[in-house]
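*Asks:* Pasting a structure below so you can have a look.
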Amino acid sequence: MTQPPAPTPPAPPTSLVRPRITELRLSAFAGHRRAALPLGPLTLLAGPSGCGKSSALRAYEALARLGGGATLGEAFPDPVACVPERARPDAQRRRGFRIGCTADGPAGPVRLDVAVQAEPRLRVVGERLTAGELVLLETALRDPGKRSVQAAWHTAGPTPVTRGPLPDDRLGTALLPLRVAGRTPGQRRVLAAAEQMVVALRSAFACDPQPGRMRGPVPAGSGRLLSDCGNLADVLLRTRAECGHRHAQFIAAVRAGCAGPVADVLAESPADGTVRAVLDRGDGVRTGLRRLGDGELRYTALALVLLTGPGVLEVDPASEVPAALQTLTVLADGFDRNLDVRQRRELLRLAVRMCERGHIRLLGAVSDVSWAAGTDGVTVVHLEP
């Protein structure tokens, strides 16, 4: 007797879908022109030196900071370097750049595109937030003498559009929840799209471990990992005590990527108030990080990043959003730098496993992607100089 097909499990409620960035657009940014980079849970940007891997990561980080409420000056400390090299100034000596992204989530795909003037004065000169063909927010610089842009956002109802000024040094999308009342269905749609974009963007951790800063003892501090991982020992002092299960996973990862036996990873506190990290070899010998190679140190730091979260990393998550709906995006420049074949393989395996769970996404830059090509769960984006 033929059995009826098993019922298809219901899709998760849209309210439980985590907002995430699915495309990064570099319309005119540094060395990029009309570039659209698809982003999966684990994406590797591949290409030779000078192809724009690092600048793509900087663009994502800048958008994330703007989504968190940072000013343009904070997000772009060197804005002139973001202007395409061959861009010519107009009659008013203005030059700039354009970037954007797409966030998917409960509100569906939402696009954000931003035009920034870098010279002679840093400011937003245009921003557009869209869902499908519907423009939800649009800004434009009407009066160069004012430090504001004219904004128009979707309202629907008797008044289809509401207009008002917004500051020209911040992302308008991040300010909408403070300006839109949410009384009409149109306003609520604008709020949902803006909040989805902000939540998808703002939890990003740019990470490029610097072995030279990890070898020596460090002062005891907050226990939040910095982007260069120089305070790794201080963070280990905290994570080892907070979660035994996570620490056991970390030990297993270190054992797979470091030479020699590894029974534990400890943080010792000498009497001088500093903290130093050591590998317990299990036979009474403890190896300080100063004895490890650059590849071992970078591997160890990246493994810790993948196994922790916003509470441990130096990021500013959307605290008003439940943790179950947040996704941390790790931006790893030189993801394969100094790593040998075994370390690359083990780190990629760990990254795939963590990204599959949905609460972590990874955007990494690699010089050679042959070792990762064809791996399930990995999106490879090739860049050309």
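Just so we're on the same page: first chain in the structure tokens is A, next is B, and so on; residues restart at 1 for each chain, and ligands are numbered from 1 in the order they show up.
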Give me the residues near Arg337 (chain A) as a PyMOL selection string, where near means some atom within 8 Å (using only C-alpha atoms) and where sequence neighbours in that chain fewer than 3 positions away do not count.
*Replies:* chain A and resi 295+298+334+366
*Asks:* Fewer than 3 positions away in the same chain doesn't count, so skip those; otherwise give me all residues within 10 Å of region 356-364 of chain A, counting only C-alpha atoms, as a short mmCIF file (atom, residue, chain, number, x, y, z; two decimals) with N, CA, C and O atoms, in the first residue's frame.
*Replies:*
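Below you can see out.cif, which holds the result:
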data_model
loop_
_atom_site.label_atom_id
_atom_site.label_comp_id
_atom_site.auth_asym_id
_atom_site.auth_seq_id
_atom_site.Cartn_x
_atom_site.Cartn_y
_atom_site.Cartn_z
N VAL A 17 11.76 35.45 11.57
CA VAL A 17 12.80 35.51 10.56
C VAL A 17 13.78 36.61 10.95
O VAL A 17 13.40 37.76 11.17
N ARG A 18 15.06 36.25 11.02
CA ARG A 18 16.07 37.24 11.37
C ARG A 18 16.36 38.16 10.19
O ARG A 18 16.66 37.67 9.10
N ARG A 20 18.57 40.14 7.68
CA ARG A 20 19.96 39.92 7.29
C ARG A 20 20.22 40.65 5.97
O ARG A 20 19.31 40.85 5.17
N ILE A 21 21.49 41.05 5.79
CA ILE A 21 21.91 41.72 4.56
C ILE A 21 22.22 40.66 3.51
O ILE A 21 23.03 39.77 3.74
N LEU A 39 25.39 38.20 -0.83
CA LEU A 39 25.90 37.77 0.47
C LEU A 39 25.03 36.65 1.02
O LEU A 39 23.82 36.81 1.18
N GLY A 40 25.65 35.51 1.29
CA GLY A 40 24.98 34.41 1.94
C GLY A 40 25.34 34.38 3.41
O GLY A 40 26.00 35.28 3.93
N PRO A 41 24.95 33.32 4.13
CA PRO A 41 25.34 33.21 5.54
C PRO A 41 26.85 33.22 5.72
O PRO A 41 27.35 33.78 6.69
N LEU A 42 27.59 32.61 4.78
CA LEU A 42 29.06 32.62 4.83
C LEU A 42 29.55 32.97 3.44
O LEU A 42 29.39 32.20 2.50
N THR A 43 30.12 34.16 3.31
CA THR A 43 30.55 34.66 2.01
C THR A 43 32.04 34.97 2.06
O THR A 43 32.51 35.62 2.99
N LEU A 44 32.77 34.52 1.04
CA LEU A 44 34.19 34.81 0.91
C LEU A 44 34.41 35.66 -0.32
O LEU A 44 34.02 35.28 -1.43
N LEU A 45 35.03 36.83 -0.14
CA LEU A 45 35.44 37.68 -1.24
C LEU A 45 36.84 37.25 -1.65
O LEU A 45 37.76 37.26 -0.83
N ALA A 46 37.01 36.89 -2.90
CA ALA A 46 38.28 36.33 -3.35
C ALA A 46 38.85 37.16 -4.49
O ALA A 46 38.11 37.69 -5.32
N LYS A 53 38.86 43.90 -2.01
CA LYS A 53 38.26 43.10 -0.93
C LYS A 53 38.14 43.92 0.36
O LYS A 53 37.08 43.96 0.98
N SER A 54 39.23 44.56 0.74
CA SER A 54 39.23 45.33 1.99
C SER A 54 38.29 46.52 1.91
O SER A 54 37.60 46.86 2.89
N ALA A 56 35.55 46.71 0.18
CA ALA A 56 34.18 46.21 0.30
C ALA A 56 33.82 45.98 1.76
O ALA A 56 32.71 46.32 2.20
N LEU A 57 34.75 45.43 2.53
CA LEU A 57 34.51 45.24 3.96
C LEU A 57 34.35 46.58 4.67
O LEU A 57 33.50 46.73 5.56
N TYR A 60 30.84 47.92 4.04
CA TYR A 60 29.85 47.24 4.87
C TYR A 60 29.93 47.78 6.31
O TYR A 60 28.90 48.08 6.94
N SER A 203 24.56 45.15 13.85
CA SER A 203 25.38 44.20 14.61
C SER A 203 26.46 43.61 13.72
O SER A 203 26.32 42.52 13.17
N ALA A 204 27.55 44.35 13.54
CA ALA A 204 28.67 43.90 12.71
C ALA A 204 29.95 44.06 13.51
O ALA A 204 30.14 45.05 14.22
N PHE A 205 30.85 43.08 13.39
CA PHE A 205 32.12 43.09 14.10
C PHE A 205 33.24 42.93 13.09
O PHE A 205 33.40 41.87 12.49
N ALA A 206 33.99 44.00 12.85
CA ALA A 206 35.13 43.95 11.95
C ALA A 206 36.33 43.39 12.70
O ALA A 206 36.70 43.89 13.75
N CYS A 207 36.92 42.34 12.15
CA CYS A 207 37.94 41.60 12.88
C CYS A 207 39.15 41.32 11.97
O CYS A 207 39.00 40.75 10.89
N LEU A 306 34.07 33.34 16.32
CA LEU A 306 32.96 32.56 15.79
C LEU A 306 32.17 31.85 16.88
O LEU A 306 30.98 31.57 16.71
N LEU A 307 32.80 31.57 18.00
CA LEU A 307 32.14 30.82 19.07
C LEU A 307 31.53 31.70 20.14
O LEU A 307 30.90 31.19 21.07
N THR A 308 31.73 33.02 20.04
CA THR A 308 31.14 33.92 21.03
C THR A 308 30.00 34.69 20.40
O THR A 308 29.34 34.20 19.50
N GLY A 309 29.73 35.90 20.85
CA GLY A 309 28.62 36.66 20.31
C GLY A 309 28.70 38.11 20.72
O GLY A 309 29.71 38.56 21.26
N PRO A 310 27.62 38.88 20.47
CA PRO A 310 27.64 40.32 20.75
C PRO A 310 27.97 40.66 22.20
O PRO A 310 28.54 41.71 22.48
N ALA A 323 17.20 38.79 21.31
CA ALA A 323 18.41 38.15 20.77
C ALA A 323 18.06 37.12 19.70
O ALA A 323 18.84 36.90 18.77
N ALA A 324 16.90 36.46 19.83
CA ALA A 324 16.51 35.44 18.87
C ALA A 324 16.31 36.00 17.47
O ALA A 324 16.30 35.25 16.49
N LEU A 325 16.12 37.32 17.35
CA LEU A 325 15.89 37.93 16.03
C LEU A 325 17.11 38.66 15.51
O LEU A 325 17.06 39.27 14.44
N GLN A 326 18.22 38.61 16.24
CA GLN A 326 19.42 39.33 15.82
C GLN A 326 20.42 38.40 15.16
O GLN A 326 20.49 37.21 15.47
N THR A 327 21.18 38.96 14.26
CA THR A 327 22.26 38.24 13.60
C THR A 327 23.53 39.09 13.67
O THR A 327 23.50 40.26 13.33
N LEU A 328 24.61 38.48 14.14
CA LEU A 328 25.89 39.16 14.18
C LEU A 328 26.65 38.85 12.89
O LEU A 328 26.81 37.69 12.53
N THR A 329 27.11 39.88 12.19
CA THR A 329 27.91 39.70 10.98
C THR A 329 29.37 39.97 11.30
O THR A 329 29.72 41.07 11.74
N VAL A 330 30.21 38.96 11.11
CA VAL A 330 31.64 39.08 11.33
C VAL A 330 32.29 39.47 10.01
O VAL A 330 32.11 38.79 8.99
N LEU A 331 33.03 40.57 10.00
CA LEU A 331 33.75 41.04 8.83
C LEU A 331 35.22 40.71 9.05
O LEU A 331 35.89 41.35 9.87
N ALA A 332 35.72 39.70 8.36
CA ALA A 332 37.07 39.18 8.61
C ALA A 332 37.98 39.47 7.43
O ALA A 332 37.94 38.76 6.41
N ASP A 333 38.80 40.51 7.56
CA ASP A 333 39.78 40.80 6.52
C ASP A 333 40.96 39.84 6.67
O ASP A 333 41.40 39.56 7.77
N GLY A 334 41.45 39.32 5.54
CA GLY A 334 42.53 38.35 5.60
C GLY A 334 42.14 37.09 6.34
O GLY A 334 42.89 36.59 7.19
N PHE A 335 40.96 36.55 6.03
CA PHE A 335 40.45 35.38 6.74
C PHE A 335 41.42 34.21 6.68
O PHE A 335 41.49 33.41 7.60
N ASP A 336 42.18 34.09 5.60
CA ASP A 336 43.11 32.98 5.44
C ASP A 336 44.56 33.39 5.67
O ASP A 336 45.47 32.58 5.46
N ALA A 351 33.29 27.74 10.82
CA ALA A 351 32.48 28.86 10.34
C ALA A 351 31.18 28.37 9.70
O ALA A 351 30.11 28.94 9.94
N VAL A 352 31.26 27.32 8.90
CA VAL A 352 30.05 26.78 8.27
C VAL A 352 29.07 26.32 9.34
O VAL A 352 27.86 26.59 9.27
N ARG A 353 29.59 25.62 10.34
CA ARG A 353 28.71 25.10 11.39
C ARG A 353 28.03 26.22 12.17
O ARG A 353 26.83 26.16 12.45
N GLY A 377 27.52 25.49 1.73
CA GLY A 377 27.28 26.57 2.67
C GLY A 377 28.16 27.78 2.48
O GLY A 377 28.05 28.75 3.25
N VAL A 378 29.04 27.77 1.48
CA VAL A 378 29.96 28.88 1.25
C VAL A 378 29.62 29.58 -0.07
O VAL A 378 29.55 28.93 -1.11
N THR A 379 29.40 30.89 -0.01
CA THR A 379 29.20 31.71 -1.21
C THR A 379 30.52 32.38 -1.54
O THR A 379 31.10 33.07 -0.70
N VAL A 380 31.01 32.18 -2.75
CA VAL A 380 32.29 32.77 -3.18
C VAL A 380 31.98 33.87 -4.19
O VAL A 380 31.28 33.65 -5.17
#
*Asks:* Just want the 7 Å neighbourhood of region 125-134 of chain A, counted on only C-alpha atoms, with same-chain residues fewer than 3 positions away dropped. Output as a list in words.
*Replies:* Pro109, Val110, Arg111, Leu112, Asp113, Val114, Ala115, Val116, Gln117, Leu137, Glu138, Thr139, Ala140 and Leu141 of chain A
*Asks:* Would you mind writing down, as a VMD selection string, each residue of region 91-308 of chain A that DSSP on the backbone assigns to strand (DSSP E or B)?
*Replies:* chain A and resid 95 to 104 110 to 119 123 to 131 134 to 140 148 to 154 161 to 167 204 to 207 218 to 219 225 264 to 268 274 to 280 286 to 288
*Asks:* Do you know which residues are at most 10 Å from Asn231 (chain A) counting only C-alpha atoms, after dropping those on the same chain fewer than 2 positions away, and could you put them as number ranges by chain?
*Replies:* A: 213-229, 233-236, 275-277
*Asks:* In terms of the shortest atom-to-atom distance over only C-alpha atoms, which of A:Ala62, A:Ala174, A:Leu72, A:Val149 is closest to Leu191 (chain A)?
*Replies:*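 Using only C-alpha atoms, Leu191 (chain A) sits closest to A:Ala174.
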*Asks:* Identify which of the residues A:Ala200, A:Arg123, A:Ala156, A:Gln150 lies closest to Glu23 (chain A), counting only C-alpha atoms when measuring atom-to-atom distances.
*Replies:*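 The answer is A:Ala200, which sits nearest to Glu23 (chain A).
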*Asks:* For Gln196 (chain A), work out the shell of residues within 8 Å, counting only C-alpha atoms and skipping chain neighbours fewer than 6 positions away, then give it as a PyMOL selection string.
*Replies:* chain A and resi 19+103-107
*Asks:* Please produce a file of those selected residues containing C-alpha atoms, as a CSV table (one decimal), in the first residue's frame.
*Replies:*
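Everything below was put into part_4.csv:
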chain,number,residue,atom,x,y,z
A,19,PRO,CA,16.7,40.4,9.3
A,103,ALA,CA,18.1,43.6,3.8
A,104,ASP,CA,15.7,40.6,3.7
A,105,GLY,CA,13.4,39.7,6.6
A,106,PRO,CA,9.8,39.9,7.8
A,107,ALA,CA,9.2,43.0,5.6
*Asks:* I'd like the interatomic distance between CA of Thr159 (chain A) and CA of Arg179 (chain A), to a tenth of an Å.
*Replies:*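 Spanning CA of Thr159 (chain A) to CA of Arg179 (chain A) is a straight-line distance of 15.9 Å.
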